[in-house]
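Only one structure is covered here, and it is reproduced in the block below.
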Amino acid sequence: MSDFKRAERVAIEIQRALSDILRTVKDPRVVPLSITHVFVTDDLRLSRVRVVPMGGVGDSHKLLEGLRAASGFLSRKLAKKVRMKYAPRLEFHIDEQLDHAFSLVEQLESLIQEDSEEYSSEDSSQEE
């Protein structure tokens, strides 16, 4: 038996299928995006989909509006593609973890830069 729960296996399938289906959405608010994570409840009735605009391009709020407007269409297509008894209700959320990670990296780089400048100024003062 697999270590994965059924909901986790379904989440992986939903992520794959949604990636394909989202290419067919004609709503201009739905810019190219990456699905970063899908969480499916144990009863398989609800899927929480975390997305981020590809390359950080586009308005996140408009993207969410477009995805929410298309959620019925996406849910029907998804049920056919994954062949589930019930079409899961889709909830879309912007994944802010990537923004947070980039912010932390920038802060670390800034601290490293400040530290190296401080270190180099100490070296030059000791040479005199």
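Numbering starts fresh at 1 for the residues of each chain in the structure tokens, the chains themselves are lettered A, B, ... in the order given, and ligands are numbered from 1 as they appear.
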
Can you pull out every residue within 9 Å of region 4-12 of chain A, counting only C-alpha atoms, but drop anything in the same chain fewer than 4 positions away, and send it as a VMD selection string?
chain A and resid 16 to 17 37 to 44 47 82

Run DSSP on the backbone and tell me which residues of region 40-127 of chain A come out as strand (DSSP E); list them as number ranges by chain.
A: 40, 46-53, 89-94

What are the DSSP helix (DSSP H, G or I) residues of chain A, as an NGL selection string?
:A and (6-24 or 54-56 or 60-69 or 71-82 or 97-127)

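One finds CA of Gln97 (chain A) at 24.1 Å from CA of Ala69 (chain A).
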
Gap from CA of Pro28 (chain A) to CA of Gly66 (chain A) - Å, one decimal:
7.8 Å

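For region 98-104 of chain A, the list of residues within 10 Å, based on only C-alpha atoms and with local chain neighbours fewer than 4 positions off taken out, reads Thr36, Val52, Gly56, Ile94, Leu108, Glu109 and Ser110 of chain A.
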
I need the chosen residues saved as a PDB file, in the first residue's frame, with C-alpha atoms.
```pdb
ATOM      1  CA  THR A  36       2.194  25.805  -6.686  1.00  0.00           C
ATOM      2  CA  VAL A  52       1.090  32.487  -8.641  1.00  0.00           C
ATOM      3  CA  GLY A  56       5.192  37.664 -11.234  1.00  0.00           C
ATOM      4  CA  ILE A  94      -2.624  33.425  -4.397  1.00  0.00           C
ATOM      5  CA  LEU A 108      19.841  38.223   3.513  1.00  0.00           C
ATOM      6  CA  GLU A 109      21.661  39.577   0.473  1.00  0.00           C
ATOM      7  CA  SER A 110      21.392  43.077   1.895  1.00  0.00           C
TER       8      SER A 110
END
```

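Computed from the coordinates, the CA of Glu96 (chain A) to CA of Lys62 (chain A) distance equals 15.4 Å.
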
Measuring between only C-alpha atoms, which one of A:Arg68, A:Arg50, A:Arg45, A:His61 shows the shortest distance to Ala87 (chain A)?
A:Arg45

Return the single residue from A:Arg89, A:Leu74, A:Asp95, A:Arg48 that is closest to Ser34 (chain A), with distances computed using only C-alpha atoms.
A:Asp95

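Considering only C-alpha atoms, the residue among A:Leu63, A:Met54, A:Ser75, A:Leu46 positioned nearest to Leu18 (chain A) is A:Ser75.
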
Min atom-atom distance to Ser71 (chain A) from the set A:Ser120, A:Val31, A:Asp59, A:Val25, counting only C-alpha atoms, belongs to A:Val25
